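Text of structure-v8.txt (compact mmCIF, C-alpha atoms) as supplied:
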```txt
# COMPACT_ATOMS: atom_id res chain seq x y z
CA MET W 1 73.96 138.76 -101.62
CA LEU W 2 76.08 140.13 -98.77
CA ASN W 3 76.04 143.86 -98.12
CA PRO W 4 79.30 145.51 -96.92
CA ALA W 5 77.30 147.87 -94.68
CA ASP W 6 76.33 144.87 -92.54
CA PHE W 7 79.99 144.30 -91.64
CA ILE W 8 81.11 147.91 -91.06
CA VAL W 9 81.41 149.37 -87.57
CA PRO W 10 82.67 152.76 -86.29
CA LEU W 11 86.38 153.05 -85.57
CA ASN W 12 87.87 155.66 -83.25
CA MET W 13 91.66 155.67 -83.38
CA ASN W 14 93.89 158.37 -81.92
CA GLY W 15 90.95 160.78 -81.74
CA LEU W 16 89.97 160.28 -85.39
CA GLN W 17 86.63 158.89 -86.51
CA GLY W 18 86.62 156.26 -89.23
CA ARG W 19 85.19 152.83 -89.99
CA LEU W 20 86.27 149.21 -89.77
CA LEU W 21 85.07 146.40 -92.01
CA HIS W 22 85.28 143.01 -90.31
CA LEU W 23 84.29 139.66 -91.77
CA PRO W 24 84.24 136.91 -89.11
CA ALA W 25 86.12 133.67 -89.64
CA PRO W 26 84.21 130.91 -91.43
CA PRO W 27 83.99 127.50 -89.74
CA ASN W 28 87.23 125.52 -89.34
CA THR W 29 89.52 128.47 -90.02
CA LYS W 30 91.83 130.19 -87.56
CA ARG W 31 93.74 132.69 -89.67
CA GLU W 32 93.39 136.40 -88.88
CA ILE W 33 93.94 138.61 -91.95
CA LEU W 34 94.59 142.34 -91.85
CA PHE W 35 94.02 143.93 -95.26
CA VAL W 36 95.60 147.37 -95.65
CA TYR W 37 94.19 149.17 -98.66
CA GLY W 38 96.13 151.61 -100.83
CA HIS W 39 95.66 155.05 -102.30
CA HIS W 40 92.32 156.34 -103.60
CA SER W 41 90.40 153.83 -101.53
CA SER W 42 87.42 153.09 -99.34
CA LEU W 43 86.11 150.02 -97.55
CA GLU W 44 83.52 149.60 -100.28
CA ARG W 45 86.10 149.66 -103.05
CA TRP W 46 87.83 146.51 -101.75
CA TRP W 47 84.71 144.68 -100.65
CA GLY W 48 84.98 142.05 -103.40
CA VAL W 49 88.64 141.28 -102.62
CA VAL W 50 88.15 140.94 -98.85
CA GLN W 51 85.09 138.76 -99.42
CA ASP W 52 87.34 136.45 -101.44
CA LEU W 53 90.02 136.46 -98.72
CA ASN W 54 87.39 135.69 -96.08
CA GLN W 55 87.29 132.01 -97.11
CA TYR W 56 90.73 131.66 -95.47
CA GLY W 57 89.91 133.33 -92.15
CA ALA W 58 88.63 136.44 -90.43
CA VAL W 59 89.40 139.65 -92.34
CA SER W 60 89.68 143.13 -90.89
CA MET W 61 90.12 146.24 -93.02
CA PRO W 62 90.36 149.57 -91.18
CA ASP W 63 90.08 152.98 -92.72
CA LEU W 64 93.27 155.03 -92.86
CA PRO W 65 93.26 158.68 -91.70
CA GLY W 66 92.23 160.88 -94.62
CA PHE W 67 91.01 157.93 -96.71
CA GLY W 68 87.59 156.36 -97.17
CA GLY W 69 85.87 159.24 -95.43
CA MET W 70 87.92 158.94 -92.23
CA GLU W 71 89.00 162.20 -90.61
CA SER W 72 92.52 163.24 -91.56
CA PHE W 73 95.61 163.80 -89.46
CA TYR W 74 95.24 167.51 -90.14
CA LYS W 75 92.31 167.55 -87.69
CA ILE W 76 94.72 166.76 -84.85
CA ASP W 77 97.48 169.03 -86.23
CA GLN W 78 99.61 166.20 -87.61
CA GLN W 79 101.05 165.71 -91.07
CA PRO W 80 99.88 162.58 -92.97
CA THR W 81 103.37 161.20 -93.41
CA ILE W 82 104.19 157.55 -94.00
CA ASP W 83 105.63 157.44 -90.48
CA ALA W 84 102.37 158.79 -89.02
CA LEU W 85 100.32 156.25 -90.98
CA ALA W 86 102.69 153.48 -89.83
CA ASP W 87 102.22 154.57 -86.21
CA TYR W 88 98.46 154.54 -86.67
CA LEU W 89 98.55 151.04 -88.18
CA ALA W 90 100.78 149.82 -85.34
CA ALA W 91 98.25 151.11 -82.80
CA PHE W 92 95.50 149.23 -84.63
CA VAL W 93 97.52 145.98 -84.70
CA LYS W 94 98.32 146.24 -80.98
CA MET W 95 94.66 146.88 -80.17
CA ARG W 96 93.16 144.28 -82.50
CA TYR W 97 95.71 141.47 -82.28
CA SER W 98 97.10 141.83 -78.78
CA ARG W 99 97.25 138.07 -78.20
CA ARG W 100 96.94 136.73 -81.74
CA GLN W 101 99.06 136.16 -84.80
CA VAL W 102 98.08 138.07 -87.91
CA THR W 103 98.51 137.75 -91.67
CA ILE W 104 99.12 141.17 -93.22
CA ALA W 105 98.20 141.80 -96.85
CA GLY W 106 99.11 145.31 -97.94
CA LEU W 107 97.90 146.57 -101.30
CA SER W 108 100.18 148.96 -103.20
CA PHE W 109 100.64 152.01 -100.91
CA GLY W 110 99.12 149.95 -98.09
CA PHE W 111 102.14 147.66 -98.27
CA VAL W 112 104.43 150.69 -97.98
CA ILE W 113 102.68 151.61 -94.73
CA ALA W 114 102.84 148.03 -93.42
CA THR W 115 106.56 147.86 -94.24
CA ARG W 116 107.29 151.12 -92.43
CA MET W 117 105.25 149.93 -89.44
CA LEU W 118 107.35 146.77 -89.10
CA GLN W 119 110.53 148.84 -89.45
CA ARG W 120 109.45 151.26 -86.72
CA TYR W 121 107.99 148.57 -84.45
CA PRO W 122 110.22 145.48 -84.67
CA ASP W 123 108.36 143.99 -81.67
CA LEU W 124 105.37 143.49 -84.00
CA VAL W 125 107.37 141.35 -86.44
CA LYS W 126 106.91 138.24 -84.31
CA LYS W 127 103.12 138.68 -84.50
CA VAL W 128 103.09 138.32 -88.30
CA ASP W 129 102.62 134.75 -89.52
CA LEU W 130 102.50 135.70 -93.21
CA LEU W 131 103.34 138.96 -94.99
CA ILE W 132 101.88 139.56 -98.44
CA SER W 133 102.65 142.42 -100.80
CA VAL W 134 99.72 142.86 -103.16
CA VAL W 135 101.30 144.83 -106.04
CA GLY W 136 103.29 146.67 -103.37
CA PHE W 137 106.46 148.69 -103.75
CA ALA W 138 109.45 149.79 -101.68
CA HIS W 139 111.32 152.64 -103.40
CA HIS W 140 110.61 155.58 -105.69
CA ASP W 141 112.78 153.96 -108.36
CA ASP W 142 110.18 151.19 -108.65
CA PHE W 143 107.93 153.50 -110.70
CA VAL W 144 107.95 153.11 -114.47
CA PHE W 145 107.02 156.74 -115.18
CA THR W 146 109.06 158.72 -117.68
CA LYS W 147 111.18 161.38 -116.03
CA PRO W 148 108.97 164.31 -117.19
CA ARG W 149 105.83 162.52 -115.98
CA TYR W 150 107.47 161.61 -112.67
CA LEU W 151 108.62 165.19 -112.08
CA SER W 152 105.23 166.62 -113.00
CA TYR W 153 103.48 164.27 -110.55
CA LYS W 154 105.98 165.12 -107.83
CA SER W 155 105.67 168.88 -108.35
CA ALA W 156 101.88 168.83 -108.53
CA SER W 157 101.48 166.66 -105.44
CA TRP W 158 103.83 168.94 -103.46
CA PHE W 159 101.94 172.07 -104.54
CA PHE W 160 98.46 170.70 -103.84
CA SER W 161 99.50 169.25 -100.47
CA HIS W 162 99.33 172.80 -99.11
CA LYS W 163 96.12 174.06 -97.55
CA THR W 164 94.96 176.79 -99.95
CA PRO W 165 95.83 175.00 -103.23
CA SER W 166 94.20 171.79 -101.93
CA MET W 167 90.99 173.69 -101.15
CA PHE W 168 90.99 175.08 -104.69
CA PHE W 169 91.64 171.64 -106.15
CA ARG W 170 88.78 170.05 -104.20
CA ASN W 171 86.22 172.77 -104.91
CA ILE W 172 87.08 173.35 -108.57
CA ALA W 173 88.98 170.42 -110.12
CA LEU W 174 87.08 167.81 -108.09
CA HIS W 175 83.62 169.21 -108.60
CA PRO W 176 81.46 166.21 -109.65
CA LEU W 177 80.68 167.78 -113.02
CA VAL W 178 84.37 168.35 -113.74
CA ILE W 179 85.29 164.79 -112.75
CA LYS W 180 82.61 163.34 -115.01
CA THR W 181 83.75 165.52 -117.91
CA VAL W 182 87.53 165.26 -117.61
CA TYR W 183 88.53 162.15 -115.65
CA GLU W 184 87.88 159.58 -118.37
CA HIS W 185 90.47 161.29 -120.59
CA THR W 186 93.31 161.37 -118.04
CA HIS W 187 96.35 159.11 -118.42
CA ASN W 188 95.51 156.80 -115.49
CA ALA W 189 91.82 156.47 -116.37
CA LYS W 190 92.20 155.43 -120.01
CA GLN W 191 93.06 151.83 -119.14
CA LYS W 192 90.16 151.63 -116.67
CA PHE W 193 87.60 152.64 -119.29
CA ALA W 194 89.08 150.97 -122.36
CA LYS W 195 86.94 147.81 -122.39
CA LEU W 196 83.77 149.04 -120.68
CA ASN W 197 80.30 149.55 -122.08
CA LYS W 198 78.23 152.67 -121.48
CA ASP W 199 76.48 151.41 -118.32
CA GLN W 200 79.73 150.17 -116.78
CA LYS W 201 81.41 153.49 -117.48
CA LYS W 202 78.55 155.33 -115.79
CA GLU W 203 78.70 153.12 -112.70
CA ILE W 204 82.46 153.45 -112.39
CA MET W 205 82.37 157.20 -112.97
CA ASN W 206 79.82 157.66 -110.20
CA PHE W 207 82.03 155.67 -107.85
CA GLU W 208 85.09 157.68 -108.91
CA VAL W 209 83.22 160.85 -107.95
CA TYR W 210 82.51 159.32 -104.55
CA LEU W 211 86.16 158.29 -104.02
CA TRP W 212 87.60 161.65 -105.03
CA ARG W 213 85.14 163.48 -102.79
CA ALA W 214 85.36 161.07 -99.81
CA ASN W 215 89.16 161.02 -99.63
CA ASP W 216 90.84 164.08 -98.14
CA ILE W 217 92.58 165.69 -101.11
CA ARG W 218 95.34 167.27 -99.02
CA THR W 219 96.17 163.86 -97.53
CA HIS W 220 96.03 162.33 -101.02
CA MET W 221 98.55 164.85 -102.33
CA LYS W 222 100.84 164.75 -99.30
CA THR W 223 101.06 160.96 -99.36
CA SER W 224 101.59 161.02 -103.13
CA TYR W 225 104.54 163.35 -102.65
CA GLU W 226 105.86 161.09 -99.89
CA PHE W 227 105.79 157.90 -101.93
CA LEU W 228 107.23 159.61 -105.00
CA LYS W 229 110.40 160.10 -102.96
CA LEU W 230 110.11 156.86 -100.97
CA ASP W 231 113.05 154.80 -99.77
CA ASN W 232 111.99 151.92 -97.50
CA CYS W 233 115.33 150.15 -97.99
CA LYS W 234 117.11 151.76 -95.04
CA LYS W 235 116.14 149.17 -92.43
CA GLN W 236 115.79 145.41 -92.70
CA ILE W 237 112.85 143.37 -91.43
CA ASP W 238 113.31 139.84 -90.07
CA LEU W 239 110.50 138.36 -92.16
CA PRO W 240 110.09 136.75 -95.57
CA VAL W 241 107.68 138.39 -97.97
CA TRP W 242 105.39 137.01 -100.66
CA HIS W 243 104.88 139.50 -103.47
CA ILE W 244 101.93 139.45 -105.87
CA SER W 245 102.80 141.05 -109.20
CA VAL W 246 100.74 141.72 -112.32
CA LYS W 247 101.93 141.52 -115.89
CA GLY W 248 102.35 144.91 -117.50
CA ASP W 249 101.86 146.88 -114.27
CA ARG W 250 101.37 150.48 -115.38
CA TYR W 251 102.99 151.79 -112.20
CA PHE W 252 105.89 149.53 -111.22
CA ASP W 253 108.81 147.62 -112.69
CA ASN W 254 108.49 144.16 -111.12
CA ASN W 255 112.21 143.39 -111.44
CA ILE W 256 113.24 146.55 -109.60
CA VAL W 257 110.56 145.99 -106.95
CA GLU W 258 112.08 142.57 -106.29
CA GLN W 259 115.59 143.99 -105.95
CA HIS W 260 114.45 146.49 -103.34
CA MET W 261 112.33 144.00 -101.39
CA ARG W 262 115.26 141.59 -101.22
CA ILE W 263 117.21 144.35 -99.45
CA ILE W 264 114.47 144.77 -96.82
CA PHE W 265 113.24 141.22 -96.13
CA THR W 266 115.02 138.00 -95.19
CA ASP W 267 113.52 136.20 -98.18
CA PHE W 268 111.46 137.06 -101.24
CA SER W 269 109.00 134.90 -103.16
CA SER W 270 106.66 136.02 -105.89
CA ALA W 271 103.47 134.91 -107.57
CA LYS W 272 101.82 136.38 -110.65
CA SER W 273 98.23 137.54 -110.52
CA LYS W 274 95.88 136.61 -113.35
CA MET W 275 94.87 140.25 -113.65
CA ASP W 276 96.20 142.39 -116.48
CA SER W 277 96.09 145.68 -114.57
CA HIS W 278 97.48 147.07 -111.32
CA ALA W 279 94.21 146.46 -109.44
CA PRO W 280 90.67 145.21 -110.01
CA SER W 281 87.91 147.55 -111.12
CA ILE W 282 86.79 149.92 -108.36
CA ILE W 283 83.39 148.21 -108.49
CA ALA W 284 84.77 144.65 -108.53
CA ASP W 285 82.62 142.01 -106.86
CA VAL W 286 84.03 138.84 -105.35
CA LYS W 287 84.10 137.06 -108.74
CA THR W 288 85.96 139.81 -110.60
CA GLY W 289 88.22 140.59 -107.64
CA ALA W 290 89.31 136.96 -107.11
CA PRO W 291 91.88 136.83 -109.97
CA LEU W 292 94.04 139.29 -108.01
CA ILE W 293 95.09 136.48 -105.63
CA PRO W 294 97.26 133.79 -107.31
CA THR W 295 97.00 130.07 -106.56
CA LYS W 296 100.37 130.02 -104.74
CA ILE W 297 99.13 132.62 -102.27
CA ARG W 298 95.83 130.80 -101.82
CA ARG W 299 97.71 127.64 -100.83
CA LEU W 300 99.64 129.58 -98.20
CA LEU W 301 96.48 131.16 -96.85
CA ALA W 302 94.69 127.80 -96.72
CA HIS W 303 97.50 126.27 -94.67
CA ALA W 304 96.64 126.95 -91.03
```

Can you turn what I pasted into structure tokens?
Amino acid sequence: MLNPADFIVPLNMNGLQGRLLHLPAPPNTKREILFVYGHHSSLERWWGVVQDLNQYGAVSMPDLPGFGGMESFYKIDQQPTIDALADYLAAFVKMRYSRRQVTIAGLSFGFVIATRMLQRYPDLVKKVDLLISVVGFAHHDDFVFTKPRYLSYKSASWFFSHKTPSMFFRNIALHPLVIKTVYEHTHNAKQKFAKLNKDQKKEIMNFEVYLWRANDIRTHMKTSYEFLKLDNCKKQIDLPVWHISVKGDRYFDNNIVEQHMRIIFTDFSSAKSKMDSHAPSIIADVKTGAPLIPTKIRRLLAHA
């Protein structure tokens, strides 16, 4: 069985220390795939999905500042805005794919960052041979939250994006004992735990503790506030997009997502994932992560 640690190397970008997971291309494949993970992530969380994508070419997945244990923008006195993350991703693309075409697959918030990068750096558009939105979104109206829930999320993320409240949140609310006691009963966690046995719940809970502690909470809150008021529809991108949706997405309205993406991109095509939730389990292996990628997308990826 492959171990993700065997494919992870240090990554130093813009003075920030992080990690890069790279799976080399299998024989007879030429495609280069850049996988941009979303919120509440680490390289290990998406190991199963990138293993699955690796059959179609080389896959690179870099950490994002403030996520997966990478140092945050606050270390270099910058705010972790979507623009800053887009600039960071652009620097990575220019460094990694200077003379090569690249397929970009952005997952959820990762697709938001990829979209903003292509809007801010139109010279990079010609480097992209295939753009895939994996349950991505484009506008704050894409969320299916009730108005009270939306406003509560927006207010809380704004408050805890400040230095002192974020320190309190990390040291008190995100203490491992508190997470293990409370998290399972939160709105977003109920679906994750609904069909799990005792051992699976324990494994997932331990990984949730790791994710909440590894990701910079101030960055988490600042980026949450940013995407809760997102509007990526202000500038068009000269590329078609393939969008992967899931039935009954607990975050986004697929019809509204399509409307907004049609404003941004020259063409829009969609494919439905076989999954029944927004994303695979945080401990998904290659077998349980594979249903995220529909057959239509696999055919595109297989076509050199």

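In terms of minimum interatomic distance to Ile297 in chain W, W:Ser133 ranks closest within W:Thr186, W:Thr223, W:Ser133, W:Asn255, counting all atoms listed in the file.
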
What separation in Å, quoted to one decimal, exists between CA of Ser42 in chain W and CA of Pro4 in chain W?
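So the answer is 11.4 Å.
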
Might you pull out every residue within 9 Å of Leu11 in chain W, with only C-alpha atoms counted and same-chain residues fewer than 2 positions away left off, and present them as a PDB file with C-alpha atoms, keeping the file's coordinate frame?
```
ATOM      1  CA  VAL W   9      81.410 149.370 -87.570  1.00  0.00           C
ATOM      2  CA  MET W  13      91.660 155.670 -83.380  1.00  0.00           C
ATOM      3  CA  LEU W  16      89.970 160.280 -85.390  1.00  0.00           C
ATOM      4  CA  GLN W  17      86.630 158.890 -86.510  1.00  0.00           C
ATOM      5  CA  GLY W  18      86.620 156.260 -89.230  1.00  0.00           C
ATOM      6  CA  ARG W  19      85.190 152.830 -89.990  1.00  0.00           C
ATOM      7  CA  LEU W  20      86.270 149.210 -89.770  1.00  0.00           C
ATOM      8  CA  PRO W  62      90.360 149.570 -91.180  1.00  0.00           C
ATOM      9  CA  ASP W  63      90.080 152.980 -92.720  1.00  0.00           C
TER      10      ASP W  63
END
```

Between W:Tyr153, W:Phe35, W:Trp242, W:Phe168, which has the minimum distance to Leu64 in chain W (counting all atoms listed in the file)?
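So, comparing all the options, the nearest one is W:Phe35.
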
Check the smallest atom-to-atom distance from each of W:Arg213, W:His303, W:His243, W:Lys201 to Met70 in chain W using all atoms listed in the file, then report the winner.
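Under the stated criterion, the closest residue is W:Arg213.
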
Residues within 12 Å of Asp142 in chain W, please, as a count of residues only. Count only C-alpha atoms; anything in the same chain fewer than 2 positions from it doesn't count.
31

Residue contacts of range 274-276 of chain W (12 Å, all atoms listed in the file) excluding same-chain residues fewer than 6 positions away, as a PyMOL selection string
chain W and resi 134-135+191-192+244-250+288-296

Residues within 8 Å of Ile217 in chain W, only C-alpha atoms, excluding chain neighbours under 3 positions, as an mmCIF file with C-alpha atoms, in the coordinates of the input:
```cif
data_model
loop_
_atom_site.group_PDB
_atom_site.id
_atom_site.type_symbol
_atom_site.label_atom_id
_atom_site.label_comp_id
_atom_site.auth_asym_id
_atom_site.auth_seq_id
_atom_site.Cartn_x
_atom_site.Cartn_y
_atom_site.Cartn_z
ATOM 1 C CA SER W 161 99.500 169.250 -100.470
ATOM 2 C CA SER W 166 94.200 171.790 -101.930
ATOM 3 C CA PHE W 169 91.640 171.640 -106.150
ATOM 4 C CA ARG W 170 88.780 170.050 -104.200
ATOM 5 C CA TRP W 212 87.600 161.650 -105.030
ATOM 6 C CA ARG W 213 85.140 163.480 -102.790
ATOM 7 C CA HIS W 220 96.030 162.330 -101.020
ATOM 8 C CA MET W 221 98.550 164.850 -102.330
#
```

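Closest approach to Ala91 in chain W among W:Leu124, W:Ala214, W:Met61, W:Ala105 is made by W:Leu124 (distances from all atoms listed in the file).
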
With distances taken over only C-alpha atoms, which residue among W:Glu203, W:Asp238, W:Asp216, W:Asp52 lies nearest Leu174 in chain W?
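The shortest atom-to-atom distance to Leu174 in chain W comes from W:Asp216.
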
Could you please determine the separation between CA of Met117 in chain W and CA of His162 in chain W in Å, to one decimal place?
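Separation of CA of Met117 in chain W and CA of His162 in chain W: 25.5 Å.
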
Could you state the separation of CA of Tyr121 in chain W and CA of Leu21 in chain W in Å, given to one decimal place?
24.2 Å

Could you check the closest approach to Phe207 in chain W for each of W:Arg45, W:Lys235, W:Arg299, W:Arg262 and tell me which residue wins, using all atoms listed in the file?
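Counting all atoms listed in the file, the residue closest to Phe207 in chain W is W:Arg45.
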
Test item: residues at most 12 Å from Ser98 in chain W, all atoms listed in the file, excluding those fewer than 5 positions along its chain, as a list of chain:residue names:
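Those residues are W:Ala90, W:Ala91, W:Phe92, W:Val93, W:Asp123, W:Leu124, W:Lys126, W:Lys127, W:Val128.
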
Box time for range 251-255 of chain W: axis-aligned, enclosing all its listed atoms, 3 Å extra on each side; report centre and edge lengths in Å to one decimal, as JSON.
```
{"center_x": 107.6, "center_y": 147.6, "center_z": -111.9, "size_x": 15.2, "size_y": 14.4, "size_z": 7.6}
```
